$ cat start18.cif   # mmCIF, C-alpha atoms and all ligand atoms
data_start
#
loop_
_atom_site.group_PDB
_atom_site.id
_atom_site.type_symbol
_atom_site.label_atom_id
_atom_site.label_comp_id
_atom_site.auth_asym_id
_atom_site.auth_seq_id
_atom_site.Cartn_x
_atom_site.Cartn_y
_atom_site.Cartn_z
ATOM 1 C CA MET A 14 -38.694 -104.706 131.204
ATOM 2 C CA PRO A 15 -40.529 -107.695 129.719
ATOM 3 C CA VAL A 16 -38.284 -110.707 129.225
ATOM 4 C CA VAL A 17 -39.078 -111.009 125.513
ATOM 5 C CA ARG A 18 -38.117 -107.399 124.889
ATOM 6 C CA LEU A 19 -34.958 -107.756 126.931
ATOM 7 C CA LEU A 20 -33.960 -110.860 124.992
ATOM 8 C CA ARG A 21 -34.731 -109.144 121.720
ATOM 9 C CA GLU A 22 -32.575 -106.168 122.621
ATOM 10 C CA VAL A 23 -29.705 -108.256 123.902
ATOM 11 C CA VAL A 24 -29.561 -110.971 121.275
ATOM 12 C CA GLY A 25 -31.490 -109.281 118.456
ATOM 13 C CA VAL A 26 -31.233 -111.303 115.282
ATOM 14 C CA VAL A 27 -30.867 -114.617 117.083
ATOM 15 C CA LEU A 28 -34.514 -114.533 118.119
ATOM 16 C CA PRO A 29 -36.928 -115.473 115.385
ATOM 17 C CA VAL A 30 -38.975 -112.534 114.144
ATOM 18 C CA SER A 31 -42.571 -112.892 113.120
ATOM 19 C CA CYS A 32 -45.099 -110.561 111.554
ATOM 20 C CA ALA A 33 -46.863 -108.628 114.318
ATOM 21 C CA GLY A 34 -50.109 -108.835 112.382
ATOM 22 C CA CYS A 35 -50.342 -112.470 111.326
ATOM 23 C CA GLY A 36 -47.392 -114.330 112.837
ATOM 24 C CA ARG A 37 -45.787 -115.073 109.488
ATOM 25 C CA PRO A 38 -42.132 -115.935 110.192
ATOM 26 C CA ASP A 39 -39.075 -113.863 109.328
ATOM 27 C CA GLU A 40 -40.894 -110.597 108.734
ATOM 28 C CA THR A 41 -41.621 -107.738 111.107
ATOM 29 C CA TRP A 42 -44.695 -106.625 109.205
ATOM 30 C CA CYS A 43 -45.518 -108.654 106.125
ATOM 31 C CA PRO A 44 -46.725 -107.128 102.830
ATOM 32 C CA ARG A 45 -50.209 -108.534 103.296
ATOM 33 C CA CYS A 46 -50.661 -106.941 106.731
ATOM 34 C CA ALA A 47 -48.932 -103.765 105.502
ATOM 35 C CA ALA A 48 -51.789 -103.262 103.045
ATOM 36 C CA ASP A 49 -54.073 -102.695 106.055
ATOM 37 C CA LEU A 50 -52.123 -99.544 106.933
ATOM 38 C CA ARG A 51 -52.274 -98.204 103.408
ATOM 39 C CA SER A 52 -55.936 -97.296 103.311
ATOM 40 C CA VAL A 53 -55.682 -93.672 104.377
ATOM 41 C CA ALA A 54 -59.081 -92.146 105.023
ATOM 42 C CA ARG A 55 -61.116 -89.885 107.272
ATOM 43 C CA ARG A 56 -62.424 -92.158 110.029
ATOM 44 C CA GLU A 57 -64.088 -89.918 112.608
ATOM 45 C CA GLY A 58 -67.373 -91.697 111.852
ATOM 46 C CA GLY A 59 -66.414 -94.640 114.086
ATOM 47 C CA ALA A 60 -65.688 -92.495 117.155
ATOM 48 C CA PRO A 61 -68.974 -91.724 118.901
ATOM 49 C CA ARG A 62 -67.445 -89.367 121.477
ATOM 50 C CA LEU A 63 -66.289 -86.985 118.752
ATOM 51 C CA ASP A 64 -69.905 -86.134 118.033
ATOM 52 C CA ARG A 65 -70.569 -82.535 118.912
ATOM 53 C CA MET A 66 -73.976 -82.247 120.408
ATOM 54 C CA ASP A 67 -74.631 -78.875 118.744
ATOM 55 C CA GLY A 68 -75.077 -80.404 115.300
ATOM 56 C CA ALA A 69 -71.620 -79.419 114.028
ATOM 57 C CA PRO A 70 -69.777 -82.213 112.195
ATOM 58 C CA PRO A 71 -67.371 -84.329 114.300
ATOM 59 C CA LEU A 72 -63.670 -83.482 114.499
ATOM 60 C CA PRO A 73 -61.960 -84.761 111.313
ATOM 61 C CA VAL A 74 -59.655 -87.741 111.960
ATOM 62 C CA TRP A 75 -57.255 -88.947 109.270
ATOM 63 C CA THR A 76 -55.821 -92.424 109.781
ATOM 64 C CA ALA A 77 -53.758 -94.901 107.791
ATOM 65 C CA GLY A 78 -56.065 -97.806 108.487
ATOM 66 C CA ARG A 79 -58.836 -99.395 110.484
ATOM 67 C CA TYR A 80 -58.164 -100.595 114.020
ATOM 68 C CA ALA A 81 -59.078 -104.166 113.238
ATOM 69 C CA GLY A 82 -57.499 -107.470 112.262
ATOM 70 C CA PRO A 83 -53.680 -107.361 111.936
ATOM 71 C CA VAL A 84 -53.515 -103.675 112.937
ATOM 72 C CA ARG A 85 -55.404 -104.422 116.128
ATOM 73 C CA ARG A 86 -52.795 -107.064 116.963
ATOM 74 C CA ALA A 87 -49.756 -105.038 115.901
ATOM 75 C CA VAL A 88 -50.433 -101.753 117.722
ATOM 76 C CA PRO A 89 -50.655 -103.276 121.235
ATOM 77 C CA ALA A 90 -47.608 -105.428 120.420
ATOM 78 C CA TRP A 91 -45.745 -102.258 119.459
ATOM 79 C CA LYS A 92 -46.858 -100.291 122.511
ATOM 80 C CA ASP A 93 -46.611 -102.859 125.258
ATOM 81 C CA GLY A 94 -45.580 -106.185 123.762
ATOM 82 C CA GLY A 95 -41.893 -105.554 123.234
ATOM 83 C CA ARG A 96 -42.185 -104.922 119.498
ATOM 84 C CA ALA A 97 -40.262 -101.639 119.334
ATOM 85 C CA ASP A 98 -39.135 -102.860 115.909
ATOM 86 C CA LEU A 99 -42.529 -101.657 114.621
ATOM 87 C CA THR A 100 -41.866 -97.966 115.341
ATOM 88 C CA GLY A 101 -40.823 -97.337 111.731
ATOM 89 C CA VAL A 102 -44.023 -99.005 110.490
ATOM 90 C CA MET A 103 -46.208 -96.896 112.775
ATOM 91 C CA VAL A 104 -44.406 -93.635 111.999
ATOM 92 C CA ALA A 105 -44.712 -94.323 108.266
ATOM 93 C CA ALA A 106 -48.417 -95.008 108.745
ATOM 94 C CA VAL A 107 -49.099 -91.789 110.649
ATOM 95 C CA ARG A 108 -47.046 -89.864 108.093
ATOM 96 C CA SER A 109 -49.314 -91.103 105.324
ATOM 97 C CA ALA A 110 -52.318 -89.922 107.343
ATOM 98 C CA ALA A 111 -50.587 -86.566 107.881
ATOM 99 C CA ARG A 112 -50.023 -86.266 104.123
ATOM 100 C CA ALA A 113 -53.774 -86.566 103.568
ATOM 101 C CA ALA A 114 -54.506 -84.115 106.379
ATOM 102 C CA GLY A 115 -51.976 -81.646 104.974
ATOM 103 C CA ALA A 116 -53.584 -81.842 101.539
ATOM 104 C CA ASP A 117 -57.037 -81.217 103.014
ATOM 105 C CA LEU A 118 -55.768 -78.376 105.206
ATOM 106 C CA GLN A 119 -53.906 -76.511 102.452
ATOM 107 C CA GLY A 120 -54.244 -72.798 102.940
ATOM 108 C CA VAL A 121 -54.666 -72.818 106.704
ATOM 109 C CA GLY A 122 -52.157 -70.849 108.724
ATOM 110 C CA PRO A 123 -49.307 -72.379 110.738
ATOM 111 C CA LEU A 124 -50.275 -75.610 112.493
ATOM 112 C CA THR A 125 -49.392 -76.507 116.046
ATOM 113 C CA VAL A 126 -49.031 -80.287 116.217
ATOM 114 C CA VAL A 127 -50.019 -81.570 119.655
ATOM 115 C CA PRO A 128 -49.373 -85.175 120.716
ATOM 116 C CA VAL A 129 -52.017 -86.744 122.947
ATOM 117 C CA PRO A 130 -50.071 -87.382 126.164
ATOM 118 C CA SER A 131 -49.369 -90.903 127.309
ATOM 119 C CA ARG A 132 -49.334 -91.684 130.986
ATOM 120 C CA PRO A 133 -45.883 -90.970 132.460
ATOM 121 C CA SER A 134 -45.816 -94.522 133.852
ATOM 122 C CA ALA A 135 -46.345 -95.923 130.343
ATOM 123 C CA VAL A 136 -43.582 -93.720 128.924
ATOM 124 C CA ARG A 137 -41.233 -94.936 131.652
ATOM 125 C CA ARG A 138 -42.205 -98.573 131.056
ATOM 126 C CA ARG A 139 -41.675 -98.272 127.303
ATOM 127 C CA GLY A 140 -38.500 -96.257 127.711
ATOM 128 C CA THR A 141 -39.770 -93.786 125.110
ATOM 129 C CA ASP A 142 -42.746 -91.607 124.261
ATOM 130 C CA LEU A 143 -44.273 -93.352 121.267
ATOM 131 C CA VAL A 144 -46.964 -90.762 120.496
ATOM 132 C CA GLN A 145 -44.334 -88.055 120.525
ATOM 133 C CA ALA A 146 -42.372 -90.069 117.965
ATOM 134 C CA LEU A 147 -45.517 -90.163 115.830
ATOM 135 C CA ALA A 148 -45.984 -86.401 116.237
ATOM 136 C CA ARG A 149 -42.410 -85.732 115.135
ATOM 137 C CA GLY A 150 -43.140 -87.795 112.021
ATOM 138 C CA VAL A 151 -46.264 -85.723 111.369
ATOM 139 C CA VAL A 152 -44.333 -82.433 111.569
ATOM 140 C CA GLU A 153 -41.659 -83.808 109.234
ATOM 141 C CA GLU A 154 -44.250 -85.052 106.787
ATOM 142 C CA LEU A 155 -46.126 -81.740 106.643
ATOM 143 C CA GLY A 156 -42.754 -80.249 105.730
ATOM 144 C CA GLY A 157 -43.900 -76.662 105.779
ATOM 145 C CA ALA A 158 -47.107 -77.099 103.817
ATOM 146 C CA PRO A 159 -48.785 -76.056 106.021
ATOM 147 C CA SER A 160 -45.954 -75.000 108.286
ATOM 148 C CA ALA A 161 -46.050 -76.987 111.492
ATOM 149 C CA ARG A 162 -44.334 -77.158 114.820
ATOM 150 C CA LEU A 163 -44.556 -79.671 117.630
ATOM 151 C CA ARG A 164 -45.780 -78.490 121.021
ATOM 152 C CA ARG A 165 -46.538 -80.739 123.980
ATOM 153 C CA LEU A 166 -49.354 -78.498 125.097
ATOM 154 C CA VAL A 167 -51.475 -81.121 126.836
ATOM 155 C CA VAL A 168 -50.297 -83.245 129.740
ATOM 156 C CA ARG A 169 -51.862 -85.901 131.956
ATOM 157 C CA ARG A 170 -53.055 -84.836 135.328
ATOM 158 C CA GLY A 171 -52.599 -88.366 136.642
ATOM 159 C CA GLY A 172 -55.887 -89.945 135.586
ATOM 160 C CA ARG A 173 -56.240 -93.656 135.138
ATOM 161 C CA ASP A 174 -55.279 -95.444 131.926
ATOM 162 C CA GLN A 175 -58.008 -95.482 129.297
ATOM 163 C CA ALA A 176 -57.558 -99.149 128.446
ATOM 164 C CA GLY A 177 -60.258 -101.275 129.992
ATOM 165 C CA LEU A 178 -62.525 -98.338 130.755
ATOM 166 C CA GLY A 179 -65.995 -98.199 129.220
ATOM 167 C CA ALA A 180 -67.102 -95.200 127.145
ATOM 168 C CA ARG A 181 -68.867 -93.646 130.133
ATOM 169 C CA ALA A 182 -65.791 -94.008 132.351
ATOM 170 C CA ARG A 183 -63.608 -92.569 129.599
ATOM 171 C CA GLY A 184 -65.872 -89.544 129.512
ATOM 172 C CA ARG A 185 -65.346 -89.016 133.223
ATOM 173 C CA ASN A 186 -61.635 -89.423 132.624
ATOM 174 C CA ALA A 187 -61.685 -86.253 130.499
ATOM 175 C CA GLY A 188 -60.564 -84.264 133.536
ATOM 176 C CA ALA A 189 -57.313 -86.199 133.433
ATOM 177 C CA PHE A 190 -55.757 -83.679 131.033
ATOM 178 C CA GLU A 191 -54.471 -80.176 131.558
ATOM 179 C CA LEU A 192 -52.678 -77.525 129.539
ATOM 180 C CA ARG A 193 -48.979 -76.956 129.856
ATOM 181 C CA GLY A 194 -48.037 -73.662 128.310
ATOM 182 C CA ARG A 195 -49.964 -70.863 126.674
ATOM 183 C CA VAL A 196 -52.277 -71.467 123.759
ATOM 184 C CA ASP A 197 -51.945 -68.736 121.128
ATOM 185 C CA PRO A 198 -55.442 -67.300 120.581
ATOM 186 C CA GLY A 199 -56.869 -68.408 117.257
ATOM 187 C CA ALA A 200 -53.903 -70.708 116.528
ATOM 188 C CA CYS A 201 -54.702 -73.867 114.525
ATOM 189 C CA HIS A 202 -53.939 -77.218 116.134
ATOM 190 C CA LEU A 203 -53.661 -80.766 114.840
ATOM 191 C CA LEU A 204 -53.793 -83.576 117.409
ATOM 192 C CA VAL A 205 -51.785 -86.791 117.071
ATOM 193 C CA ASP A 206 -52.571 -90.120 118.706
ATOM 194 C CA ASP A 207 -51.737 -93.760 118.058
ATOM 195 C CA VAL A 208 -55.255 -95.170 117.909
ATOM 196 C CA VAL A 209 -58.674 -93.544 118.004
ATOM 197 C CA THR A 210 -61.427 -95.665 119.518
ATOM 198 C CA THR A 211 -64.313 -93.794 121.153
ATOM 199 C CA GLY A 212 -62.704 -90.404 120.487
ATOM 200 C CA ALA A 213 -63.109 -89.386 124.151
ATOM 201 C CA THR A 214 -59.420 -88.534 124.536
ATOM 202 C CA LEU A 215 -59.347 -86.399 121.394
ATOM 203 C CA ALA A 216 -62.576 -84.688 122.442
ATOM 204 C CA ALA A 217 -61.080 -83.873 125.855
ATOM 205 C CA CYS A 218 -57.926 -82.408 124.258
ATOM 206 C CA GLU A 219 -59.988 -80.453 121.735
ATOM 207 C CA ASP A 220 -62.103 -79.090 124.556
ATOM 208 C CA LEU A 221 -59.072 -77.980 126.587
ATOM 209 C CA LEU A 222 -57.402 -76.245 123.643
ATOM 210 C CA GLY A 223 -60.677 -74.726 122.468
ATOM 211 C CA ARG A 224 -61.518 -73.275 125.872
ATOM 212 C CA ALA A 225 -58.065 -71.681 125.925
ATOM 213 C CA GLY A 226 -58.790 -69.921 122.627
ATOM 214 C CA GLY A 227 -57.178 -72.357 120.209
ATOM 215 C CA VAL A 228 -58.781 -73.938 117.157
ATOM 216 C CA VAL A 229 -58.471 -77.694 116.667
ATOM 217 C CA LEU A 230 -58.784 -78.584 112.988
ATOM 218 C CA GLY A 231 -58.514 -82.338 113.344
ATOM 219 C CA ALA A 232 -56.399 -85.283 114.374
ATOM 220 C CA VAL A 233 -54.161 -87.838 112.732
ATOM 221 C CA ALA A 234 -53.553 -91.348 114.013
ATOM 222 C CA VAL A 235 -52.241 -94.696 112.893
ATOM 223 C CA ALA A 236 -55.681 -96.295 112.985
ATOM 224 C CA ALA A 237 -59.243 -95.800 114.160
ATOM 225 C CA THR A 238 -62.038 -98.098 115.175
ATOM 226 C CA PRO A 239 -64.171 -98.913 112.149
ATOM 227 C CA GLU A 240 -67.556 -97.328 111.901
ATOM 228 C CA ILE A 241 -70.147 -99.653 113.390
ATOM 229 C CA THR A 242 -72.502 -100.382 110.555
ATOM 230 C CA ARG A 243 -75.979 -101.802 110.866
ATOM 231 C CA ALA A 244 -74.649 -105.086 109.463
ATOM 232 C CA ALA A 245 -71.829 -105.237 112.042
ATOM 233 C CA LEU A 246 -74.270 -104.513 114.852
ATOM 234 C CA HIS A 247 -76.425 -107.328 113.570
ATOM 235 C CA HIS A 248 -73.410 -109.641 113.790
ATOM 236 C CA GLY A 249 -72.467 -108.775 117.344
ATOM 237 C CA GLY A 250 -71.370 -105.166 117.179
ATOM 238 C CA LYS A 251 -67.696 -105.672 116.417
ATOM 239 C CA GLY A 252 -66.219 -104.196 113.266
ATOM 240 C CA ASP A 253 -63.518 -106.831 113.460
HETATM 241 ZN ZN ZN B 301 -48.583 -110.319 108.447
#

$ encode --input "start18.cif" --output "structure tokens" --more "lines below"
Ligand SMILES: [Zn+2]
Amino acid sequence: MPVVRLLREVVGVVLPVSCAGCGRPDETWCPRCAADLRSVARREGGAPRLDRMDGAPPLPVWTAGRYAGPVRRAVPAWKDGGRADLTGVMVAAVRSAARAAGADLQGVGPLTVVPVPSRPSAVRRRGTDLVQALARGVVEELGGAPSARLRRLVVRRGGRDQAGLGARARGRNAGAFELRGRVDPGACHLLVDDVVTTGATLAACEDLLGRAGGVVLGAVAVAATPEITRAALHHGGKGD
């Protein structure tokens, strides 16, 4: 366990807290940074690997914000930087994305909510499954409209972590997932992840569920990489 996290858990309030987005003292997540997780929108446009080569539109992805600026600092701090105090922030963010997804998906049948699996080693290191916590929030938020249930249908086969891999390597990593349990033919699925970058992970999960007869209607996440615009490319290719 990282020393900072240990200290935080043992002595709690004695340690100074600072905003995970901007470092502002005495706040976990300040109002200014919080605004960056209140811009719920469809953001599949920034995830090149979600492009279906057959001309069909990419898998819809609803997120609470862009993976940039304060959000891009806060999410890694939450996942691996000892900032478990941000779980409420992240769950609230994914719930707002789920609200938008639920509104857009009104009228569909029951939804199976499927968390994108984290590596078992990461779950052990963190002491909890963060994406599963997000998925529980999504099911709660949908609140029966449409009716939803959580199923951990996809598991890791033991592939390498995605962080640090290029888009091409992530594509090869697609074989790292496998199904656990039976997919009901024709059942509608909604994927949940923390952050969507290239979309390779979502595409791999969609592929698995689709080949087993399921229908994946979309995904919700806390944040997604901003669409790379011509202007951003001109300025070095980062949407940051
Ligand atoms: Zn802040």

$ resolve_selection --input "start18.cif" --expression "the PyMOL selection byres (((chain A and resi 103) around 9) and not hetatm)" --output "list in words"
Leu50, Val88, Trp91, Leu99, Thr100, Gly101, Val102, Val104, Ala105, Ala106, Val107, Arg108, Leu147, Asp207 and Val235 of chain A

$ residues_near_ligand --input "start18.cif" --ligand "ligand ZN 301 (chain B)" --cutoff "10 Å" --atoms "all atoms listed in the file" --output "PyMOL selection string"
chain A and resi 31-38+40-49+83-84+87

$ residues_around --input "start18.cif" --residues "range 225-231 of chain A" --least-positions-apart "4" --cutoff "9 Å" --atoms "all atoms listed in the file" --output "list in words"
Leu72, Pro73, Val74, Trp75, Ala114, Leu118, Leu192, Arg195, Val196, Asp197, Pro198, Gly199, Ala200, Cys201, His202, Leu203, Leu204, Val205, Cys218, Glu219, Asp220 and Leu221 of chain A

$ atom_distance --input "start18.cif" --atom1 "CA of Met66 in chain A" --atom2 "CA of Ala148 in chain A"
28.6 Å

$ closest_residue --input "start18.cif" --among "A:Ser52, A:Thr76, A:Ser131, A:Ser160" --to "Val208 in chain A" --atoms "all atoms listed in the file"
A:Thr76

$ closest_residue --input "start18.cif" --among "A:Pro239, A:Gly78, A:Pro159, A:Gly223" --to "Val126 in chain A" --atoms "only C-alpha atoms"
A:Pro159

$ closest_residue --input "start18.cif" --among "A:Leu222, A:Leu155, A:Ala90, A:Ala54" --to "Val167 in chain A" --atoms "only C-alpha atoms"
A:Leu222

$ closest_residue --input "start18.cif" --among "A:Val152, A:Val127, A:Val30, A:Leu215" --to "Pro61 in chain A" --atoms "all atoms listed in the file"
A:Leu215

$ resolve_selection --input "start18.cif" --expression "the PyMOL selection byres (((chain A and resi 80) around 6) and not hetatm)" --output "list of chain:residue names"
A:Arg79, A:Ala81, A:Val84, A:Arg85, A:Ala236, A:Ala237, A:Thr238

$ closest_residue --input "start18.cif" --among "A:Phe190, A:Asp39, A:Leu63, A:Gly140" --to "Gly95 in chain A" --atoms "all atoms listed in the file"
A:Gly140

$ atom_distance --input "start18.cif" --atom1 "CA of Leu166 in chain A" --atom2 "CA of Arg193 in chain A"
5.0 Å

$ atom_distance --input "start18.cif" --atom1 "CA of Pro29 in chain A" --atom2 "CA of Gly94 in chain A"
15.2 Å

$ closest_residue --input "start18.cif" --among "A:Ala97, A:Arg56, A:Ala189, A:Gly68" --to "Ala146 in chain A" --atoms "only C-alpha atoms"
A:Ala97

$ axis_aligned_box --input "start18.cif" --around "range 211-217 of chain A" --padding-each-side "4 Å" --output "lines of an AutoDock Vina configuration file"
center_x = -61.8
center_y = -88.8
center_z = 123.2
size_x = 13.0
size_y = 17.9
size_z = 13.4

$ residues_around --input "start18.cif" --residues "Gly157 in chain A" --least-positions-apart "3" --cutoff "10 Å" --atoms "all atoms listed in the file" --output "VMD selection string"
chain A and resid 115 123 to 124 152 to 154 160 to 162
